[in-house]
>>> print(open('target29.cif').read())   # mmCIF, C-alpha atoms (C1' of nucleotides)
data_work
loop_
_atom_site.label_atom_id
_atom_site.label_comp_id
_atom_site.auth_asym_id
_atom_site.auth_seq_id
_atom_site.Cartn_x
_atom_site.Cartn_y
_atom_site.Cartn_z
CA MET N 1022 139.86 106.48 75.32
CA HIS N 1023 141.01 108.28 78.42
CA GLN N 1024 140.00 111.54 76.82
CA VAL N 1025 136.37 110.79 77.63
CA LEU N 1026 137.22 110.74 81.31
CA ARG N 1027 139.20 113.93 81.00
CA ASN N 1028 136.25 115.67 79.42
CA TYR N 1029 134.02 114.33 82.14
CA ILE N 1030 136.25 115.68 84.88
CA ASP N 1031 136.58 119.03 83.14
CA ARG N 1032 132.83 119.30 83.00
CA HIS N 1033 132.48 118.58 86.69
CA LEU N 1034 135.10 121.03 87.90
CA ASN N 1035 135.02 124.68 87.12
CA VAL N 1036 138.39 124.79 85.40
CA PRO N 1037 139.88 122.42 82.81
CA LEU N 1038 142.60 120.05 83.99
CA THR N 1039 146.18 121.04 83.35
CA GLU N 1040 148.52 118.42 81.92
CA GLU N 1041 150.21 117.96 85.28
CA ASP N 1042 146.87 117.38 86.89
CA TRP N 1043 145.73 115.03 84.22
CA LEU N 1044 148.73 112.73 83.88
CA PRO N 1045 148.56 111.00 87.26
CA ILE N 1046 144.83 110.48 86.77
CA GLN N 1047 145.28 109.08 83.30
CA ASP N 1048 147.97 106.72 84.52
CA SER N 1049 145.77 105.37 87.31
CA PHE N 1050 142.95 104.21 85.08
CA LEU N 1051 143.18 101.12 82.93
CA PHE N 1052 141.03 100.50 79.92
CA LYS N 1053 138.99 97.33 79.88
CA LYS N 1054 136.17 95.76 77.89
CA TYR N 1055 133.52 93.35 79.04
CA ARG N 1056 131.08 91.48 76.82
CA LYS N 1057 127.36 91.49 77.30
CA LYS N 1058 126.29 89.34 80.30
CA GLN N 1059 129.83 89.24 81.65
CA TYR N 1060 130.26 89.90 85.38
CA LEU N 1061 132.41 92.71 86.71
CA LEU N 1062 131.60 91.59 90.20
CA GLN N 1063 129.90 88.51 91.57
CA GLU N 1064 128.17 88.07 94.88
CA GLY N 1065 130.71 87.00 97.48
CA ASP N 1066 133.70 88.64 95.79
CA VAL N 1067 135.30 91.88 96.88
CA CYS N 1068 134.70 94.83 94.57
CA LYS N 1069 138.22 95.74 93.48
CA TYR N 1070 137.53 98.42 90.92
CA PHE N 1071 135.94 101.80 90.65
CA SER N 1072 134.77 101.86 87.04
CA PHE N 1073 133.94 104.72 84.73
CA ILE N 1074 131.69 103.72 81.84
CA ILE N 1075 132.90 104.95 78.47
CA LYS N 1076 130.41 102.95 76.50
CA GLY N 1077 127.66 100.48 77.21
CA ALA N 1078 125.13 99.70 79.93
CA MET N 1079 125.39 97.84 83.21
CA ARG N 1080 123.40 96.92 86.27
CA GLN N 1081 124.03 96.15 89.94
CA TYR N 1082 121.63 93.65 91.48
CA THR N 1083 121.03 90.88 93.98
CA VAL N 1084 119.27 87.54 93.58
CA ASP N 1085 117.07 86.46 96.48
CA GLN N 1086 116.28 82.97 97.75
CA LYS N 1087 113.35 82.63 95.36
CA GLY N 1088 115.58 83.52 92.44
CA ASN N 1089 114.13 86.97 91.91
CA GLU N 1090 116.53 89.71 90.89
CA HIS N 1091 116.47 93.13 92.54
CA ILE N 1092 118.25 95.88 90.66
CA LEU N 1093 119.83 98.53 92.83
CA ARG N 1094 121.42 100.65 90.10
CA PHE N 1095 121.77 101.06 86.40
CA GLY N 1096 124.84 102.54 84.75
CA ILE N 1097 125.43 103.91 81.27
CA GLU N 1098 127.94 106.19 79.57
CA ASN N 1099 129.60 108.67 81.95
CA TRP N 1100 128.36 106.89 85.05
CA TRP N 1101 130.46 105.19 87.67
CA MET N 1102 129.91 101.65 88.87
CA MET N 1103 131.00 99.84 92.00
CA ASP N 1104 129.62 98.40 95.18
CA ARG N 1105 130.58 101.21 97.48
CA GLU N 1106 130.41 99.14 100.62
CA SER N 1107 132.52 96.27 99.33
CA PHE N 1108 135.02 98.58 97.67
CA GLU N 1109 135.58 100.76 100.71
CA MET N 1110 135.44 98.08 103.37
CA GLU N 1111 137.08 95.38 101.28
CA THR N 1112 134.39 92.96 102.32
CA PRO N 1113 132.55 90.39 100.16
CA SER N 1114 129.78 91.97 98.16
CA MET N 1115 126.15 90.93 98.21
CA TYR N 1116 125.73 92.28 94.69
CA ASN N 1117 126.40 91.27 91.14
CA ILE N 1118 127.53 93.86 88.66
CA GLU N 1119 127.00 92.79 85.09
CA ALA N 1120 127.43 94.20 81.62
CA TRP N 1121 124.03 94.38 80.01
CA GLU N 1122 125.45 95.68 76.74
CA ASP N 1123 129.10 95.29 75.74
CA VAL N 1124 130.93 97.89 77.80
CA GLU N 1125 134.17 99.82 77.68
CA LEU N 1126 135.46 100.94 81.05
CA LEU N 1127 138.22 102.85 82.71
CA GLN N 1128 139.03 101.16 85.99
CA ILE N 1129 141.04 102.15 89.00
CA ARG N 1130 142.03 99.81 91.81
CA ARG N 1131 141.36 100.72 95.39
CA ASP N 1132 144.99 101.29 96.35
CA ALA N 1133 145.54 103.51 93.32
CA ALA N 1134 142.35 105.42 94.12
CA VAL N 1135 143.42 106.03 97.71
CA MET N 1136 146.79 107.22 96.47
CA LEU N 1137 145.33 109.41 93.77
CA TYR N 1138 142.94 110.84 96.28
CA GLU N 1139 145.90 112.03 98.35
CA ILE N 1140 147.96 113.54 95.58
CA SER N 1141 145.34 114.89 93.17
CA GLU N 1142 143.09 117.70 94.19
CA PRO N 1143 141.01 117.56 91.01
CA PHE N 1144 140.34 113.87 91.56
CA ARG N 1145 139.39 114.59 95.13
CA LYS N 1146 137.03 117.34 94.08
CA MET N 1147 135.47 115.17 91.46
CA THR N 1148 134.79 112.31 93.84
CA GLN N 1149 133.37 114.74 96.38
CA GLU N 1150 131.04 116.10 93.77
CA LEU N 1151 130.11 112.54 92.89
CA ASP N 1152 129.35 111.74 96.51
CA LYS N 1153 127.24 114.82 96.87
CA ARG N 1154 125.15 113.99 93.84
CA GLY N 1155 124.90 110.41 94.93
CA GLN N 1156 123.59 111.40 98.33
CA ILE N 1157 120.99 113.67 96.83
CA ALA N 1158 119.86 111.04 94.36
CA ASN N 1159 119.68 108.38 97.06
CA GLN N 1160 117.71 110.66 99.34
CA LYS N 1161 115.17 111.10 96.58
CA ARG N 1162 114.96 107.44 95.78
CA ILE N 1163 114.42 106.49 99.42
CA HIS N 1164 111.76 109.12 99.74
CA GLY N 1165 110.02 107.77 96.67
CA ALA N 1166 110.22 104.23 97.95
CA ILE N 1167 108.53 105.03 101.25
CA SER N 1168 106.00 107.58 100.06
CA LEU N 1169 104.96 106.89 96.46
CA THR N 1170 102.79 104.21 94.87
CA ALA N 1171 104.16 101.94 92.16
CA GLU N 1172 102.57 104.06 89.46
CA GLU N 1173 103.96 107.28 90.88
CA ARG N 1174 107.44 105.80 91.07
CA TYR N 1175 107.14 104.69 87.47
CA LEU N 1176 106.08 108.13 86.28
CA GLU N 1177 108.85 109.72 88.28
CA LEU N 1178 111.48 107.49 86.74
CA LEU N 1179 110.08 108.11 83.28
CA LYS N 1180 110.50 111.82 83.91
CA THR N 1181 113.92 111.80 85.53
CA HIS N 1182 115.64 108.95 83.67
CA PRO N 1183 113.85 108.31 80.39
CA VAL N 1184 117.09 106.92 78.99
CA PHE N 1185 116.75 103.82 81.17
CA PHE N 1186 113.65 102.88 79.20
CA GLN N 1187 115.66 102.95 75.99
CA ARG N 1188 118.54 100.90 77.28
CA PHE N 1189 117.01 98.30 79.58
CA PRO N 1190 114.10 95.88 79.15
CA GLN N 1191 110.96 96.49 81.13
CA ASN N 1192 111.38 93.57 83.46
CA MET N 1193 114.59 95.23 84.66
CA ILE N 1194 112.91 98.59 85.03
CA ALA N 1195 110.27 96.82 87.11
CA SER N 1196 112.94 95.25 89.26
CA TYR N 1197 114.58 98.63 89.74
CA LEU N 1198 111.25 100.08 90.83
CA GLY N 1199 110.66 97.23 93.22
CA ILE N 1200 107.59 95.83 91.45
CA SER N 1201 106.89 92.78 89.31
CA ALA N 1202 107.20 92.86 85.53
CA GLU N 1203 103.48 92.10 85.21
CA THR N 1204 102.53 95.02 87.41
CA LEU N 1205 104.68 97.39 85.38
CA SER N 1206 103.08 96.14 82.19
CA ARG N 1207 99.62 96.85 83.58
CA ILE N 1208 100.63 100.24 84.91
CA ARG N 1209 101.84 101.23 81.48
CA LYS N 1210 98.68 100.04 79.78
CA ASN N 1211 96.71 102.01 82.30
CA ALA N 1212 98.77 105.16 81.95
CA LEU N 1213 98.31 105.14 78.17
CA SER N 1214 94.54 105.34 78.41
CA LYS N 1215 94.69 108.62 80.29
CA MET D 201 129.64 121.67 124.72
CA HIS D 202 131.98 121.73 121.77
CA GLN D 203 134.05 119.03 123.41
CA VAL D 204 131.47 116.45 122.33
CA LEU D 205 132.13 117.33 118.71
CA ARG D 206 135.85 117.19 119.24
CA ASN D 207 135.58 113.72 120.70
CA TYR D 208 133.41 112.70 117.79
CA ILE D 209 135.95 113.91 115.25
CA ASP D 210 138.81 112.27 117.11
CA ARG D 211 136.96 108.98 117.01
CA HIS D 212 136.39 109.25 113.29
CA LEU D 213 139.95 110.10 112.33
CA ASN D 214 142.91 107.98 113.24
CA VAL D 215 144.73 110.69 115.16
CA PRO D 216 143.42 113.13 117.78
CA LEU D 217 143.03 116.74 116.68
CA THR D 218 145.78 119.16 117.59
CA GLU D 219 144.80 122.51 119.09
CA GLU D 220 145.57 124.28 115.83
CA ASP D 221 143.33 121.89 113.97
CA TRP D 222 140.57 122.14 116.49
CA LEU D 223 140.27 125.89 116.95
CA PRO D 224 138.95 126.83 113.50
CA ILE D 225 136.45 124.00 113.72
CA GLN D 226 135.31 125.03 117.18
CA ASP D 227 134.89 128.61 116.05
CA SER D 228 132.75 127.62 113.10
CA PHE D 229 130.07 125.83 115.09
CA LEU D 230 127.48 127.64 117.15
CA PHE D 231 125.57 126.10 120.00
CA LYS D 232 121.82 126.15 119.81
CA LYS D 233 118.83 124.61 121.57
CA TYR D 234 115.43 123.76 120.16
CA ARG D 235 112.38 122.67 122.16
CA LYS D 236 110.36 119.59 121.44
CA LYS D 237 108.17 119.99 118.32
CA GLN D 238 110.13 123.05 117.17
CA TYR D 239 111.16 123.16 113.51
CA LEU D 240 114.78 123.46 112.42
CA LEU D 241 113.63 123.52 108.84
CA GLN D 242 110.23 123.86 107.25
CA GLU D 243 109.12 122.77 103.83
CA GLY D 244 109.79 125.57 101.38
CA ASP D 245 112.70 127.08 103.29
CA VAL D 246 116.35 126.69 102.41
CA CYS D 247 118.33 124.49 104.77
CA LYS D 248 120.94 126.87 106.11
CA TYR D 249 122.64 124.73 108.74
CA PHE D 250 124.56 121.54 109.00
CA SER D 251 123.74 120.41 112.54
CA PHE D 252 125.51 118.04 114.88
CA ILE D 253 123.27 116.61 117.58
CA ILE D 254 124.73 116.83 121.07
CA LYS D 255 121.56 115.80 122.82
CA GLY D 256 118.04 114.90 121.84
CA ALA D 257 116.17 113.30 118.95
CA MET D 258 114.98 114.66 115.63
CA ARG D 259 113.33 113.61 112.41
CA GLN D 260 113.27 114.69 108.78
CA TYR D 261 109.97 114.13 106.98
CA THR D 262 107.49 115.24 104.36
CA VAL D 263 103.74 115.59 104.53
CA ASP D 264 101.82 114.47 101.45
CA GLN D 265 98.54 115.77 100.01
CA LYS D 266 96.51 113.43 102.19
CA GLY D 267 98.27 114.70 105.28
CA ASN D 268 100.34 111.57 105.83
CA GLU D 269 103.86 112.02 107.11
CA HIS D 270 106.78 110.16 105.58
CA ILE D 271 109.93 110.06 107.66
CA LEU D 272 113.15 109.99 105.69
CA ARG D 273 115.60 110.05 108.59
CA PHE D 274 115.89 109.99 112.32
CA GLY D 275 118.71 111.66 114.21
CA ILE D 276 119.94 111.28 117.77
CA GLU D 277 123.13 112.06 119.70
CA ASN D 278 126.24 112.15 117.52
CA TRP D 279 124.29 112.22 114.28
CA TRP D 280 124.20 114.98 111.73
CA MET D 281 121.01 116.53 110.40
CA MET D 282 120.31 118.54 107.27
CA ASP D 283 118.54 118.30 103.97
CA ARG D 284 121.57 117.62 101.84
CA GLU D 285 119.95 118.75 98.61
CA SER D 286 118.62 122.03 99.94
CA PHE D 287 121.82 122.78 101.84
CA GLU D 288 124.15 122.15 98.91
CA MET D 289 122.00 123.62 96.16
CA GLU D 290 120.53 126.39 98.27
CA THR D 291 117.08 125.51 96.97
CA PRO D 292 113.80 125.33 98.91
CA SER D 293 113.47 122.07 100.79
CA MET D 294 110.60 119.63 100.47
CA TYR D 295 111.28 118.42 104.00
CA ASN D 296 110.58 119.41 107.55
CA ILE D 297 113.20 118.83 110.20
CA GLU D 298 111.76 118.85 113.69
CA ALA D 299 112.96 118.30 117.22
CA TRP D 300 111.14 115.30 118.62
CA GLU D 301 112.79 115.69 122.01
CA ASP D 302 114.41 118.90 123.23
CA VAL D 303 117.71 119.06 121.38
CA GLU D 304 121.10 120.69 121.76
CA LEU D 305 122.96 121.26 118.53
CA LEU D 306 126.18 122.56 117.11
CA GLN D 307 125.42 124.29 113.84
CA ILE D 308 127.56 125.50 111.00
CA ARG D 309 126.33 127.73 108.18
CA ARG D 310 126.94 126.80 104.59
CA ASP D 311 129.48 129.55 103.89
CA ALA D 312 131.43 128.66 107.01
CA ALA D 313 131.33 125.00 106.07
CA VAL D 314 132.65 125.68 102.58
CA MET D 315 135.43 127.79 104.07
CA LEU D 316 136.27 125.25 106.74
CA TYR D 317 136.32 122.57 104.13
CA GLU D 318 139.06 124.45 102.29
CA ILE D 319 141.28 125.21 105.24
CA SER D 320 140.80 122.23 107.52
CA GLU D 321 142.00 118.81 106.46
CA PRO D 322 140.52 117.07 109.50
CA PHE D 323 137.12 118.56 108.78
CA ARG D 324 137.42 117.49 105.16
CA LYS D 325 138.36 113.97 106.18
CA MET D 326 135.50 113.78 108.60
CA THR D 327 132.90 114.88 106.09
CA GLN D 328 134.30 112.44 103.56
CA GLU D 329 133.99 109.66 106.05
CA LEU D 330 130.46 110.82 106.76
CA ASP D 331 129.59 110.76 103.06
CA LYS D 332 131.04 107.31 102.67
CA ARG D 333 129.00 105.93 105.54
CA GLY D 334 125.94 107.72 104.30
CA GLN D 335 126.27 106.21 100.86
CA ILE D 336 126.65 102.73 102.27
CA ALA D 337 123.67 103.16 104.59
CA ASN D 338 121.53 104.56 101.78
CA GLN D 339 122.49 101.76 99.46
CA LYS D 340 121.30 99.30 102.07
CA ARG D 341 118.08 101.12 102.73
CA ILE D 342 117.22 101.31 99.04
CA HIS D 343 117.97 97.66 98.62
CA GLY D 344 115.70 96.85 101.54
CA ALA D 345 112.93 99.00 100.15
CA ILE D 346 112.89 97.26 96.77
CA SER D 347 113.56 93.71 97.89
CA LEU D 348 112.19 93.11 101.39
CA THR D 349 108.67 92.71 102.74
CA ALA D 350 107.34 95.00 105.45
CA GLU D 351 108.07 92.42 108.13
CA GLU D 352 111.62 91.86 106.89
CA ARG D 353 112.30 95.58 106.88
CA TYR D 354 110.97 95.82 110.43
CA LEU D 355 113.19 92.99 111.66
CA GLU D 356 116.18 94.51 109.88
CA LEU D 357 115.63 97.88 111.52
CA LEU D 358 115.17 96.23 114.88
CA LYS D 359 118.54 94.57 114.42
CA THR D 360 120.49 97.50 113.01
CA HIS D 361 118.94 100.43 114.91
CA PRO D 362 117.22 99.16 118.04
CA VAL D 363 117.74 102.59 119.59
CA PHE D 364 115.11 104.09 117.30
CA PHE D 365 112.50 101.96 119.02
CA GLN D 366 113.45 103.48 122.36
CA ARG D 367 113.41 107.05 121.18
CA PHE D 368 110.53 107.29 118.72
CA PRO D 369 106.89 106.16 118.87
CA GLN D 370 105.81 103.29 116.70
CA ASN D 371 103.76 105.34 114.33
CA MET D 372 106.97 107.13 113.40
CA ILE D 373 108.88 103.90 113.03
CA ALA D 374 106.11 102.74 110.71
CA SER D 375 106.39 105.92 108.68
CA TYR D 376 110.16 105.45 108.43
CA LEU D 377 109.61 101.91 107.19
CA GLY D 378 107.05 103.07 104.66
CA ILE D 379 104.11 101.21 106.18
CA SER D 380 101.02 102.21 108.15
CA ALA D 381 101.00 102.28 111.93
CA GLU D 382 98.33 99.57 111.95
CA THR D 383 100.40 97.26 109.82
CA LEU D 384 103.42 97.69 112.08
CA SER D 385 101.28 96.92 115.10
CA ARG D 386 100.09 93.70 113.48
CA ILE D 387 103.57 92.73 112.37
CA ARG D 388 104.82 93.07 115.91
CA LYS D 389 102.00 91.01 117.35
CA ASN D 390 102.72 88.39 114.78
CA ALA D 391 106.46 88.38 115.37
CA LEU D 392 105.94 87.88 119.10
CA SER D 393 104.07 84.61 118.65
CA LYS D 394 107.06 83.02 116.88
"C1'" DC H 516 111.77 78.11 60.74
"C1'" DG H 517 112.07 77.55 65.35
"C1'" DC H 518 113.86 79.05 69.61
"C1'" DG H 519 114.22 82.05 73.52
"C1'" DG H 520 113.77 86.27 75.86
"C1'" DG H 521 110.69 89.75 76.74
"C1'" DT H 522 105.90 91.33 77.17
"C1'" DT H 523 101.03 90.97 77.81
"C1'" DT H 524 96.78 89.21 79.74
"C1'" DG H 525 93.79 86.75 82.91
"C1'" DA H 526 92.60 84.55 87.27
"C1'" DT H 527 93.53 84.16 92.00
"C1'" DG H 528 95.42 85.18 96.44
"C1'" DA H 529 98.42 87.62 99.72
"C1'" DT H 530 99.87 91.79 101.58
"C1'" DG H 531 99.13 96.02 103.35
"C1'" DC H 532 95.88 100.23 103.50
"C1'" DT H 533 91.79 102.66 105.22
"C1'" DC H 534 88.27 103.63 108.29
"C1'" DA H 535 86.32 103.08 112.63
"C1'" DA H 536 86.17 101.89 117.32
"C1'" DG H 537 88.10 100.98 121.72
"C1'" DC H 538 91.90 100.77 124.97
"C1'" DC H 539 95.81 102.33 127.69
"C1'" DC H 540 98.24 105.70 130.06
"C1'" DG H 541 100.42 109.96 131.38
"C1'" DG H 542 99.60 114.84 131.94
"C1'" DT H 543 96.57 118.77 133.17
"C1'" DG H 544 93.26 121.39 135.37
"C1'" DG H 545 89.32 121.70 138.38
"C1'" DC W 1209 92.85 113.66 144.18
"C1'" DC W 1210 90.12 112.67 140.60
"C1'" DA W 1211 88.16 113.38 135.97
"C1'" DC W 1212 89.10 114.19 131.65
"C1'" DC W 1213 91.65 114.65 127.60
"C1'" DG W 1214 94.69 113.42 123.92
"C1'" DG W 1215 98.26 110.82 121.86
"C1'" DG W 1216 99.70 106.44 120.90
"C1'" DC W 1217 98.60 101.68 120.27
"C1'" DT W 1218 95.58 97.83 119.11
"C1'" DT W 1219 91.93 95.34 116.78
"C1'" DG W 1220 88.45 94.31 113.30
"C1'" DA W 1221 86.18 94.57 108.75
"C1'" DG W 1222 86.39 95.62 104.07
"C1'" DC W 1223 89.01 96.99 100.22
"C1'" DA W 1224 92.84 98.29 96.98
"C1'" DT W 1225 97.13 97.16 95.37
"C1'" DC W 1226 100.34 94.23 93.88
"C1'" DA W 1227 102.43 89.43 93.49
"C1'" DT W 1228 102.10 84.94 91.62
"C1'" DC W 1229 101.15 81.48 88.33
"C1'" DA W 1230 99.96 80.17 83.86
"C1'" DA W 1231 99.23 80.82 79.13
"C1'" DA W 1232 99.68 83.14 74.90
"C1'" DC W 1233 101.97 86.27 72.05
"C1'" DC W 1234 105.58 88.90 69.71
"C1'" DC W 1235 109.79 89.33 67.46
"C1'" DG W 1236 114.74 89.27 66.54
"C1'" DC W 1237 118.32 86.05 65.66
"C1'" DG W 1238 120.71 81.95 64.68
#
>>> encode(input="target29.cif", output="C-alpha cells")
Amino acid sequence: MHQVLRNYIDRHLNVPLTEEDWLPIQDSFLFKKYRKKQYLLQEGDVCKYFSFIIKGAMRQYTVDQKGNEHILRFGIENWWMMDRESFEMETPSMYNIEAWEDVELLQIRRDAAVMLYEISEPFRKMTQELDKRGQIANQKRIHGAISLTAEERYLELLKTHPVFFQRFPQNMIASYLGISAETLSRIRKNALSK
Amino acid sequence: MHQVLRNYIDRHLNVPLTEEDWLPIQDSFLFKKYRKKQYLLQEGDVCKYFSFIIKGAMRQYTVDQKGNEHILRFGIENWWMMDRESFEMETPSMYNIEAWEDVELLQIRRDAAVMLYEISEPFRKMTQELDKRGQIANQKRIHGAISLTAEERYLELLKTHPVFFQRFPQNMIASYLGISAETLSRIRKNALSK
DNA sequence: CGCGGGTTTGATGATGCTCAAGCCCGGTGG
DNA sequence: CCACCGGGCTTGAGCATCATCAAACCCGCG
C-alpha cells in the first residue's frame, strides 16, 4: 500500500529514500478507501486531510445557486487531493471533493503534515516540488481561461491530459473547461469533421 | 532600499530576522530600476530573475496572433514578479513582463536563489508562504474563470483588488479579466445604474 | 425489460466580441 | 498659449459564440 507512495517520492527526488527517511513518512499516512460517489469533503466542512491517490478517480467542484456544478480539479492515481485554502487556513471549504470511482487513499492530517514538514527533509522537498508544479500548471490554466476559445481549451486538454477523457464523462470534462455539456458535444462533432 | 524587503519578510514570518539571518539575504538581492514601458522579460527569453517590487507597477502578459494582449498578472509594491515556469525550468518564456510605471526592484538570480534556499531557513519559509498564498489565489481565480460571468468577475476583482483599478487603465483590467475593453466599459455603466 | 445517466441534436436567446466612430483629456511642440 | 496628437474610454450596430431548454437517443445494469 504505502509502497506506492514511497515509489512516488523516490521518483520526485533525485535519490531514493533511506529507511530512516521513509519510516516517519510511512507512519504519518493512513490508508483509507472511499466508495464511488462518497464525499471526502463537503462544502462547509474544513478539509482535514491531504490525500494521495493510490487508486481511483476523484473530483473537486462547487455547485452554484442554479444547481450547476463547476469542476476545479480532477485527480487520479499518483495525484494529490485537497482544498488547499481550507486545509491551510482551517476554514470551511466552498468545495466538494468526491470519489468518482472507488478510491484508495493515503491520508495525512494537517497537524501530522506540519510536524512531518519540520522533521523530514524529503517530505519537505517533495511538497515543494509539488507546489512548484502546481503553480506552473495553474498559471497555464489561467492563461488558457482568459485567452483561449472553448474549442482551443478543449484541444489543449485533449493534448495535455488525454487520460481525463478516459476516466471522466464528457459532462464533467465540459464543467472542467467551463462550458456546457452541449457545447462540448458540438465542439467534438465539429473537430471530427476536420 | 533593502530595508523594505526586510520589513516584508519580518511581516511574513512570526519572528523578526536576526542580523545573521538577514545578511545573506540582503547580499543576494540587487537593486535595479526600470523605466515605464521597459521590459524585464520578453517572450522567448529565459526569466533569469525573481523580482521583489519596491516601487511601481508591472504586468505579465502574452500577445496572441491577432495582436491582442492577455494579462496574466499585475504586480505592485511588495509583490513578486517572475514567470515561474521559465524561471524554474530555465526554458524560454511565452510571457512579457513590463514596467507599467517606473519601478524599483530587488532581484535575485536563479543560482543565488537556489543557494539561498539551501542555507537560509527564513528565506525558505518565506517562499513557502508565498507559494501557499499563490496556490490559494490561483485556485480562486480559476474557479472564477470557469464559474462566473464577466460581470461577476469584475465585481469580485473590484472587491478583492480595488488597488488595480487605481494603478492600471481599464483596458488592462479587461484583459486581466479575459474580456474586451468595450465589454468592461458597458459592465461598469450597467453596474452604476443599480 | 425498463430505468437512469450520459450524450446528441435542434431551436432560441443571451452574452460578449468586433469594427467603427466619437469623445475626453493630458502632454508636446510650434 | 494654443493646436494638435494619441491613448484611453465610451457608444452603437451587427455578429459569433455559447448557454439554455427540450426532446430523443444510446447503452449498461439491475
>>> interface_residues(input="target29.cif", of="chain N", to="chain D", cutoff="8 Å", atoms="only C-alpha atoms", output="PDB file with C-alpha atoms, in the frame of the given file")
ATOM      1  CA  HIS N1091     116.470  93.130  92.540  1.00  0.00           C
ATOM      2  CA  LEU N1093     119.830  98.530  92.830  1.00  0.00           C
ATOM      3  CA  ARG N1105     130.580 101.210  97.480  1.00  0.00           C
ATOM      4  CA  GLU N1106     130.410  99.140 100.620  1.00  0.00           C
ATOM      5  CA  GLN N1149     133.370 114.740  96.380  1.00  0.00           C
ATOM      6  CA  ASP N1152     129.350 111.740  96.510  1.00  0.00           C
ATOM      7  CA  LYS N1153     127.240 114.820  96.870  1.00  0.00           C
ATOM      8  CA  GLY N1155     124.900 110.410  94.930  1.00  0.00           C
ATOM      9  CA  GLN N1156     123.590 111.400  98.330  1.00  0.00           C
ATOM     10  CA  ILE N1157     120.990 113.670  96.830  1.00  0.00           C
ATOM     11  CA  ASN N1159     119.680 108.380  97.060  1.00  0.00           C
ATOM     12  CA  GLN N1160     117.710 110.660  99.340  1.00  0.00           C
ATOM     13  CA  ARG N1162     114.960 107.440  95.780  1.00  0.00           C
ATOM     14  CA  ILE N1163     114.420 106.490  99.420  1.00  0.00           C
ATOM     15  CA  HIS N1164     111.760 109.120  99.740  1.00  0.00           C
ATOM     16  CA  ALA N1166     110.220 104.230  97.950  1.00  0.00           C
ATOM     17  CA  ILE N1167     108.530 105.030 101.250  1.00  0.00           C
ATOM     18  CA  SER N1168     106.000 107.580 100.060  1.00  0.00           C
ATOM     19  CA  SER N1196     112.940  95.250  89.260  1.00  0.00           C
ATOM     20  CA  TYR N1197     114.580  98.630  89.740  1.00  0.00           C
ATOM     21  CA  LEU N1198     111.250 100.080  90.830  1.00  0.00           C
ATOM     22  CA  GLY N1199     110.660  97.230  93.220  1.00  0.00           C
ATOM     23  CA  ILE N1200     107.590  95.830  91.450  1.00  0.00           C
TER      24      ILE N1200
END
>>> closest_residue(input="target29.cif", among="N:Met1147, N:Ile1208, N:Cys1068, N:Leu1051", to="chain W", atoms="all atoms listed in the file")
N:Ile1208
>>> interface_residues(input="target29.cif", of="chain D", to="chain H", cutoff="12 Å", atoms="only C-alpha atoms (C1' of nucleotides)", output="MDAnalysis selection string")
chainID D and resid 349:351 378:387
>>> axis_aligned_box(input="target29.cif", around="range 287-306 of chain D", padding_each_side="8 Å", output="AutoDock Vina command-line options")
--center_x 118.4 --center_y 120.8 --center_z 109.7 --size_x 31.6 --size_y 27.1 --size_z 43.1
>>> closest_atom_pairs(input="target29.cif", of="chain W", to="chain D", cutoff="9 Å", atoms="only C-alpha atoms (C1' of nucleotides)", output="JSON lines")
{"residue": "W:DG1216", "atom": "C1'", "partner": "D:Pro369", "partner_atom": "CA", "distance": 7.5}
{"residue": "W:DC1217", "atom": "C1'", "partner": "D:Ser385", "partner_atom": "CA", "distance": 7.5}
{"residue": "W:DT1218", "atom": "C1'", "partner": "D:Ser385", "partner_atom": "CA", "distance": 7.0}
{"residue": "W:DT1219", "atom": "C1'", "partner": "D:Arg386", "partner_atom": "CA", "distance": 9.0}
>>> resolve_selection(input="target29.cif", expression="the PyMOL selection byres ((chain N and resi 1029) around 12)", output="tab-separated table (two decimals) with C-alpha atoms, keeping the file's coordinate frame")
chain	number	residue	atom	x	y	z
N	1022	MET	CA	139.86	106.48	75.32
N	1023	HIS	CA	141.01	108.28	78.42
N	1024	GLN	CA	140.00	111.54	76.82
N	1025	VAL	CA	136.37	110.79	77.63
N	1026	LEU	CA	137.22	110.74	81.31
N	1027	ARG	CA	139.20	113.93	81.00
N	1028	ASN	CA	136.25	115.67	79.42
N	1030	ILE	CA	136.25	115.68	84.88
N	1031	ASP	CA	136.58	119.03	83.14
N	1032	ARG	CA	132.83	119.30	83.00
N	1033	HIS	CA	132.48	118.58	86.69
N	1034	LEU	CA	135.10	121.03	87.90
N	1035	ASN	CA	135.02	124.68	87.12
N	1036	VAL	CA	138.39	124.79	85.40
N	1037	PRO	CA	139.88	122.42	82.81
N	1038	LEU	CA	142.60	120.05	83.99
N	1043	TRP	CA	145.73	115.03	84.22
N	1073	PHE	CA	133.94	104.72	84.73
N	1074	ILE	CA	131.69	103.72	81.84
N	1075	ILE	CA	132.90	104.95	78.47
N	1098	GLU	CA	127.94	106.19	79.57
N	1099	ASN	CA	129.60	108.67	81.95
N	1100	TRP	CA	128.36	106.89	85.05
N	1101	TRP	CA	130.46	105.19	87.67
N	1143	PRO	CA	141.01	117.56	91.01
N	1144	PHE	CA	140.34	113.87	91.56
N	1147	MET	CA	135.47	115.17	91.46
N	1148	THR	CA	134.79	112.31	93.84
N	1151	LEU	CA	130.11	112.54	92.89
>>> atom_distance(input="target29.cif", atom1="CA of Gln238 in chain D", atom2="CA of Ile297 in chain D")
8.7 Å
>>> atom_distance(input="target29.cif", atom1="CA of Lys232 in chain D", atom2="CA of Pro292 in chain D")
22.4 Å
>>> residues_around(input="target29.cif", residues="Gly1065 in chain N", least_positions_apart="5", cutoff="8 Å", atoms="only C-alpha atoms (C1' of nucleotides)", output="ChimeraX atom specification")
/N:1113-1116
>>> atom_distance(input="target29.cif", atom1="CA of Phe364 in chain D", atom2="CA of Glu301 in chain D")
12.7 Å
>>> residues_around(input="target29.cif", residues="Ala313 in chain D", least_positions_apart="2", cutoff="12 Å", atoms="all atoms listed in the file", output="list of chain:residue names")
D:Pro224, D:Ile225, D:Gln226, D:Asp227, D:Ser228, D:Phe229, D:Lys248, D:Tyr249, D:Phe250, D:Ser251, D:Phe287, D:Glu288, D:Gln307, D:Ile308, D:Arg309, D:Arg310, D:Asp311, D:Met315, D:Leu316, D:Tyr317, D:Glu318, D:Ile319, D:Ser320, D:Phe323, D:Arg324, D:Thr327
